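In what follows, a single structure is set out as structure tokens and then discussed.
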Amino acid sequence: ELTEKMGRGSLIVLGLGALFGTADAAFCSGSPDDGERTNDFPIFAAEDTMTLVKSIENAKLYEAGPDNARFNVLHVYGSPYEMGLAQGTILADEMKTFMKGTFDYLLEEGLDSMGDLLPESVQKMILSVGAMAALEENAKLTAPFTPQSYFDEIQGLADGSGIPYKTILELNMIPEITKASCSFFGAWGDATSESTGHTYQLRALDYVTDCDAFTNYGMLTVYHPSWEGGVAHTAIGWPGMVGVLTGFNEQQIGISEIGVSFPDDSFGQGTADTPPEKVRGQPWMSVLKDVAQSATSLDTALTIIEEADRTCNLIIGVGSGKDAVANGV
């Protein structure tokens, strides 16, 4: 299975934390000071911890991880609609609980607490029409730029789970409105222990830890697309999330991103001397999904990102195990 193959491959992607917000980017060229804390948590091999929970048409649900922190690993197969239908069917209860908890938290506390951290255009939208209407409006503004496969998967999720299509669509607009609160780094060559030959790419989601929906329902979804040119890939996320927050594929391409709190004019938007950040364009989690499910090399991954009609200011992390490098775009 993909999770097992990638765990032994030359690109290792780690995802930590929770969800959404804003963050800064920095380049680190030094080393930790003596006495700094180290992360000594083990990296669990999939084959050592995975157990099969349930299997249906186009889906296999596993549990993995240590005894005190088990999480779902879902393999889905087929077209975008078929994979959505399979996930919606096998994880219907988890989707309903996660979505209720997410909306309750973000709309009652999360969005309010972010205040002026939200893009100016989003602040104005929420003030004028309200948070739920802002999600609906954002879906309309980004729809012309979003691949049909994105909507097909959402329709499958709705048909499988019984959750209204509109609710799932609006859930998937929350990351687009809130951007992202995260950190990432890449390490390779002499920067890795004993020059193992591995390329490491880490993405930490620096957000809340007091929301049960985020902390209790994290999962891996392993997509096995049936169409020509589709690339098997793993997405780290939550039930019902269609885009890719962090992921990697069987061609050893890793993908992640961070929000930008203090952009300079090189971003071309969102500064005092440039136009406001765009809200019309392809949602950033859809862009990352395009990379994960289509990129067969670092060059093709970079081309997908560069040609996308992107919206908010982000730095996208792209790593390649084959090329032994990680880039920020």
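Numbering starts fresh at 1 for the residues of each chain in the structure tokens, the chains themselves are lettered A, B, ... in the order given, and ligands are numbered from 1 as they appear.
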Please return, as a VMD selection string, all residues of region 22-268 of chain A that DSSP assigns to alpha helix (DSSP H) on the basis of the backbone.
chain A and resid 46 to 49 80 to 90 92 to 105 111 to 114 120 to 129 131 to 142 148 to 161 165 to 171 174 to 178 212 to 216
Taking 3 positions as the minimum chain separation for residues in the same chain, which residues sit within 12 Å of Gln251 (chain A) when counting only C-alpha atoms? Answer as a PyMOL selection string.
chain A and resi 2+5-6+9-11+230-234+247-248+254-255+291-298+300-301+319-323
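The shell of residues at most 7 Å from region 159-170 of chain A, with only C-alpha atoms counted and near chain neighbours (fewer than 5 positions) removed, consists of Leu85, Ala86, Gly88, Thr89, Ala92, Leu135, Glu136, Ala139, Ile154 and Gly240 of chain A.
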Store the residues picked out above, limited to C-alpha atoms, as a PDB file, in the first residue's frame.
```
ATOM      1  CA  LEU A  85     -18.852   8.173  -2.426  1.00  0.00           C
ATOM      2  CA  ALA A  86     -16.688   5.500  -0.790  1.00  0.00           C
ATOM      3  CA  GLY A  88     -18.832   9.313   2.548  1.00  0.00           C
ATOM      4  CA  THR A  89     -20.261   5.815   2.978  1.00  0.00           C
ATOM      5  CA  ALA A  92     -20.516   8.980   7.435  1.00  0.00           C
ATOM      6  CA  LEU A 135     -18.278  30.781   3.008  1.00  0.00           C
ATOM      7  CA  GLU A 136     -21.082  30.499   0.454  1.00  0.00           C
ATOM      8  CA  ALA A 139     -17.490  29.119  -2.983  1.00  0.00           C
ATOM      9  CA  ILE A 154     -17.849  16.541  -2.902  1.00  0.00           C
ATOM     10  CA  GLY A 240     -14.883  15.306   4.302  1.00  0.00           C
TER      11      GLY A 240
END
```
List the neighbours of Thr311 (chain A) out to 10 Å using only C-alpha atoms; skip same-chain residues closer than 4 positions along the sequence, and give me the result as a PyMOL selection string.
chain A and resi 142+176+179+269+277-284
Export of prior selection with N, CA, C and O atoms as a PDB file, in the first residue's frame:
```
ATOM      1  N   THR A 142     -14.839  31.292  -6.246  1.00  0.00           N
ATOM      2  CA  THR A 142     -13.751  30.398  -6.664  1.00  0.00           C
ATOM      3  C   THR A 142     -14.204  29.305  -7.622  1.00  0.00           C
ATOM      4  O   THR A 142     -13.364  28.660  -8.264  1.00  0.00           O
ATOM      5  N   GLU A 176      -9.791  28.259   2.758  1.00  0.00           N
ATOM      6  CA  GLU A 176      -9.570  29.341   1.803  1.00  0.00           C
ATOM      7  C   GLU A 176      -9.785  30.699   2.469  1.00  0.00           C
ATOM      8  O   GLU A 176      -9.075  31.666   2.174  1.00  0.00           O
ATOM      9  N   LYS A 179      -6.906  31.099   5.362  1.00  0.00           N
ATOM     10  CA  LYS A 179      -5.531  30.851   4.912  1.00  0.00           C
ATOM     11  C   LYS A 179      -4.964  29.670   5.707  1.00  0.00           C
ATOM     12  O   LYS A 179      -5.552  28.609   5.717  1.00  0.00           O
ATOM     13  N   GLN A 269       0.598  41.370  -4.338  1.00  0.00           N
ATOM     14  CA  GLN A 269      -0.709  41.670  -3.750  1.00  0.00           C
ATOM     15  C   GLN A 269      -0.601  41.684  -2.236  1.00  0.00           C
ATOM     16  O   GLN A 269       0.333  41.141  -1.657  1.00  0.00           O
ATOM     17  N   GLU A 277      -5.303  41.177  -1.707  1.00  0.00           N
ATOM     18  CA  GLU A 277      -5.231  39.754  -2.028  1.00  0.00           C
ATOM     19  C   GLU A 277      -6.478  39.322  -2.795  1.00  0.00           C
ATOM     20  O   GLU A 277      -7.598  39.744  -2.487  1.00  0.00           O
ATOM     21  N   LYS A 278      -6.288  38.456  -3.759  1.00  0.00           N
ATOM     22  CA  LYS A 278      -7.391  37.981  -4.584  1.00  0.00           C
ATOM     23  C   LYS A 278      -8.299  37.030  -3.799  1.00  0.00           C
ATOM     24  O   LYS A 278      -7.838  36.284  -2.937  1.00  0.00           O
ATOM     25  N   VAL A 279      -9.581  37.074  -4.133  1.00  0.00           N
ATOM     26  CA  VAL A 279     -10.514  36.066  -3.649  1.00  0.00           C
ATOM     27  C   VAL A 279     -11.073  35.256  -4.813  1.00  0.00           C
ATOM     28  O   VAL A 279     -11.659  34.187  -4.610  1.00  0.00           O
ATOM     29  N   ARG A 280     -10.881  35.748  -6.032  1.00  0.00           N
ATOM     30  CA  ARG A 280     -11.306  35.012  -7.230  1.00  0.00           C
ATOM     31  C   ARG A 280     -10.110  34.240  -7.766  1.00  0.00           C
ATOM     32  O   ARG A 280      -9.117  34.832  -8.205  1.00  0.00           O
ATOM     33  N   GLY A 281     -10.191  32.939  -7.725  1.00  0.00           N
ATOM     34  CA  GLY A 281      -9.102  32.095  -8.190  1.00  0.00           C
ATOM     35  C   GLY A 281      -9.310  30.679  -7.696  1.00  0.00           C
ATOM     36  O   GLY A 281     -10.343  30.343  -7.105  1.00  0.00           O
ATOM     37  N   GLN A 282      -8.335  29.833  -7.915  1.00  0.00           N
ATOM     38  CA  GLN A 282      -8.433  28.438  -7.494  1.00  0.00           C
ATOM     39  C   GLN A 282      -8.081  28.316  -6.017  1.00  0.00           C
ATOM     40  O   GLN A 282      -7.023  28.790  -5.586  1.00  0.00           O
ATOM     41  N   PRO A 283      -8.941  27.700  -5.206  1.00  0.00           N
ATOM     42  CA  PRO A 283      -8.629  27.532  -3.780  1.00  0.00           C
ATOM     43  C   PRO A 283      -7.279  26.853  -3.592  1.00  0.00           C
ATOM     44  O   PRO A 283      -6.925  25.922  -4.327  1.00  0.00           O
ATOM     45  N   TRP A 284      -6.545  27.307  -2.586  1.00  0.00           N
ATOM     46  CA  TRP A 284      -5.177  26.815  -2.458  1.00  0.00           C
ATOM     47  C   TRP A 284      -5.108  25.315  -2.168  1.00  0.00           C
ATOM     48  O   TRP A 284      -4.187  24.628  -2.625  1.00  0.00           O
TER      49      TRP A 284
END
```
Please return, as an MDAnalysis selection string, all residues of region 159-251 of chain A that DSSP assigns to strand (DSSP E) on the basis of the backbone.
chainID A and resid 182:187 199:205 219:225 233:237 246:249
Only N, CA and C atoms, please: the residues just picked out, written as a PDB file, in the first residue's frame.
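To be explicit, this is the file written out as part.pdb:
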```pdb
ATOM      1  N   CYS A 182       0.869  27.760   9.980  1.00  0.00           N
ATOM      2  CA  CYS A 182       1.741  26.601   9.897  1.00  0.00           C
ATOM      3  C   CYS A 182       3.196  26.990   9.785  1.00  0.00           C
ATOM      4  N   SER A 183       4.033  25.976   9.883  1.00  0.00           N
ATOM      5  CA  SER A 183       5.464  26.094   9.653  1.00  0.00           C
ATOM      6  C   SER A 183       5.868  24.899   8.799  1.00  0.00           C
ATOM      7  N   PHE A 184       6.885  25.068   7.993  1.00  0.00           N
ATOM      8  CA  PHE A 184       7.429  23.887   7.318  1.00  0.00           C
ATOM      9  C   PHE A 184       8.925  24.050   7.126  1.00  0.00           C
ATOM     10  N   PHE A 185       9.594  22.909   6.977  1.00  0.00           N
ATOM     11  CA  PHE A 185      10.996  22.966   6.581  1.00  0.00           C
ATOM     12  C   PHE A 185      11.323  21.729   5.767  1.00  0.00           C
ATOM     13  N   GLY A 186      12.398  21.810   5.017  1.00  0.00           N
ATOM     14  CA  GLY A 186      12.935  20.669   4.296  1.00  0.00           C
ATOM     15  C   GLY A 186      14.375  20.454   4.712  1.00  0.00           C
ATOM     16  N   ALA A 187      14.786  19.212   4.787  1.00  0.00           N
ATOM     17  CA  ALA A 187      16.161  18.886   5.160  1.00  0.00           C
ATOM     18  C   ALA A 187      16.654  17.740   4.289  1.00  0.00           C
ATOM     19  N   THR A 199      15.226  12.648   2.147  1.00  0.00           N
ATOM     20  CA  THR A 199      14.823  14.048   2.188  1.00  0.00           C
ATOM     21  C   THR A 199      13.637  14.157   3.131  1.00  0.00           C
ATOM     22  N   TYR A 200      13.729  15.028   4.110  1.00  0.00           N
ATOM     23  CA  TYR A 200      12.666  15.198   5.097  1.00  0.00           C
ATOM     24  C   TYR A 200      11.935  16.507   4.831  1.00  0.00           C
ATOM     25  N   GLN A 201      10.622  16.445   4.847  1.00  0.00           N
ATOM     26  CA  GLN A 201       9.804  17.647   4.723  1.00  0.00           C
ATOM     27  C   GLN A 201       8.775  17.632   5.837  1.00  0.00           C
ATOM     28  N   LEU A 202       8.812  18.635   6.701  1.00  0.00           N
ATOM     29  CA  LEU A 202       7.893  18.705   7.831  1.00  0.00           C
ATOM     30  C   LEU A 202       6.959  19.885   7.657  1.00  0.00           C
ATOM     31  N   ARG A 203       5.701  19.674   8.004  1.00  0.00           N
ATOM     32  CA  ARG A 203       4.729  20.753   8.020  1.00  0.00           C
ATOM     33  C   ARG A 203       3.994  20.692   9.354  1.00  0.00           C
ATOM     34  N   ALA A 204       4.093  21.731  10.149  1.00  0.00           N
ATOM     35  CA  ALA A 204       3.391  21.813  11.429  1.00  0.00           C
ATOM     36  C   ALA A 204       2.218  22.763  11.279  1.00  0.00           C
ATOM     37  N   LEU A 205       1.051  22.349  11.749  1.00  0.00           N
ATOM     38  CA  LEU A 205      -0.152  23.169  11.676  1.00  0.00           C
ATOM     39  C   LEU A 205      -0.330  23.872  13.011  1.00  0.00           C
ATOM     40  N   MET A 219      -6.720  12.263  10.100  1.00  0.00           N
ATOM     41  CA  MET A 219      -6.645  10.987   9.384  1.00  0.00           C
ATOM     42  C   MET A 219      -5.749  11.121   8.157  1.00  0.00           C
ATOM     43  N   LEU A 220      -5.394   9.981   7.606  1.00  0.00           N
ATOM     44  CA  LEU A 220      -4.723   9.918   6.315  1.00  0.00           C
ATOM     45  C   LEU A 220      -5.698   9.341   5.300  1.00  0.00           C
ATOM     46  N   THR A 221      -5.801   9.996   4.153  1.00  0.00           N
ATOM     47  CA  THR A 221      -6.581   9.453   3.049  1.00  0.00           C
ATOM     48  C   THR A 221      -5.632   9.137   1.905  1.00  0.00           C
ATOM     49  N   VAL A 222      -5.625   7.891   1.474  1.00  0.00           N
ATOM     50  CA  VAL A 222      -4.754   7.454   0.390  1.00  0.00           C
ATOM     51  C   VAL A 222      -5.619   7.274  -0.855  1.00  0.00           C
ATOM     52  N   TYR A 223      -5.391   8.116  -1.845  1.00  0.00           N
ATOM     53  CA  TYR A 223      -6.178   8.111  -3.072  1.00  0.00           C
ATOM     54  C   TYR A 223      -5.499   7.249  -4.131  1.00  0.00           C
ATOM     55  N   HIS A 224      -6.299   6.380  -4.766  1.00  0.00           N
ATOM     56  CA  HIS A 224      -5.817   5.546  -5.866  1.00  0.00           C
ATOM     57  C   HIS A 224      -6.657   5.871  -7.098  1.00  0.00           C
ATOM     58  N   PRO A 225      -6.309   6.945  -7.833  1.00  0.00           N
ATOM     59  CA  PRO A 225      -7.133   7.373  -8.972  1.00  0.00           C
ATOM     60  C   PRO A 225      -7.100   6.365 -10.108  1.00  0.00           C
ATOM     61  N   HIS A 233      -1.711   9.082  -4.134  1.00  0.00           N
ATOM     62  CA  HIS A 233      -1.159  10.045  -3.191  1.00  0.00           C
ATOM     63  C   HIS A 233      -1.871   9.950  -1.841  1.00  0.00           C
ATOM     64  N   THR A 234      -1.202  10.439  -0.812  1.00  0.00           N
ATOM     65  CA  THR A 234      -1.738  10.467   0.540  1.00  0.00           C
ATOM     66  C   THR A 234      -1.958  11.910   0.968  1.00  0.00           C
ATOM     67  N   ALA A 235      -3.120  12.189   1.560  1.00  0.00           N
ATOM     68  CA  ALA A 235      -3.435  13.520   2.088  1.00  0.00           C
ATOM     69  C   ALA A 235      -3.627  13.425   3.590  1.00  0.00           C
ATOM     70  N   ILE A 236      -2.987  14.303   4.328  1.00  0.00           N
ATOM     71  CA  ILE A 236      -3.164  14.392   5.770  1.00  0.00           C
ATOM     72  C   ILE A 236      -4.271  15.405   6.032  1.00  0.00           C
ATOM     73  N   GLY A 237      -5.322  15.008   6.699  1.00  0.00           N
ATOM     74  CA  GLY A 237      -6.430  15.938   6.887  1.00  0.00           C
ATOM     75  C   GLY A 237      -7.494  15.400   7.815  1.00  0.00           C
ATOM     76  N   THR A 246      -1.719  18.833   3.426  1.00  0.00           N
ATOM     77  CA  THR A 246      -0.346  18.335   3.361  1.00  0.00           C
ATOM     78  C   THR A 246      -0.417  16.953   2.741  1.00  0.00           C
ATOM     79  N   GLY A 247       0.529  16.613   1.882  1.00  0.00           N
ATOM     80  CA  GLY A 247       0.460  15.288   1.276  1.00  0.00           C
ATOM     81  C   GLY A 247       1.746  14.915   0.573  1.00  0.00           C
ATOM     82  N   PHE A 248       1.748  13.715   0.034  1.00  0.00           N
ATOM     83  CA  PHE A 248       2.878  13.237  -0.761  1.00  0.00           C
ATOM     84  C   PHE A 248       2.359  12.158  -1.696  1.00  0.00           C
ATOM     85  N   ASN A 249       3.086  11.898  -2.780  1.00  0.00           N
ATOM     86  CA  ASN A 249       2.595  10.918  -3.737  1.00  0.00           C
ATOM     87  C   ASN A 249       3.620   9.834  -4.036  1.00  0.00           C
TER      88      ASN A 249
END
```
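Among the candidate residues A:Asn216, A:Asn138, A:Ser286, A:Ser266, the one lying nearest to Gly101 (chain A) is A:Asn216, with distances computed using only C-alpha atoms.
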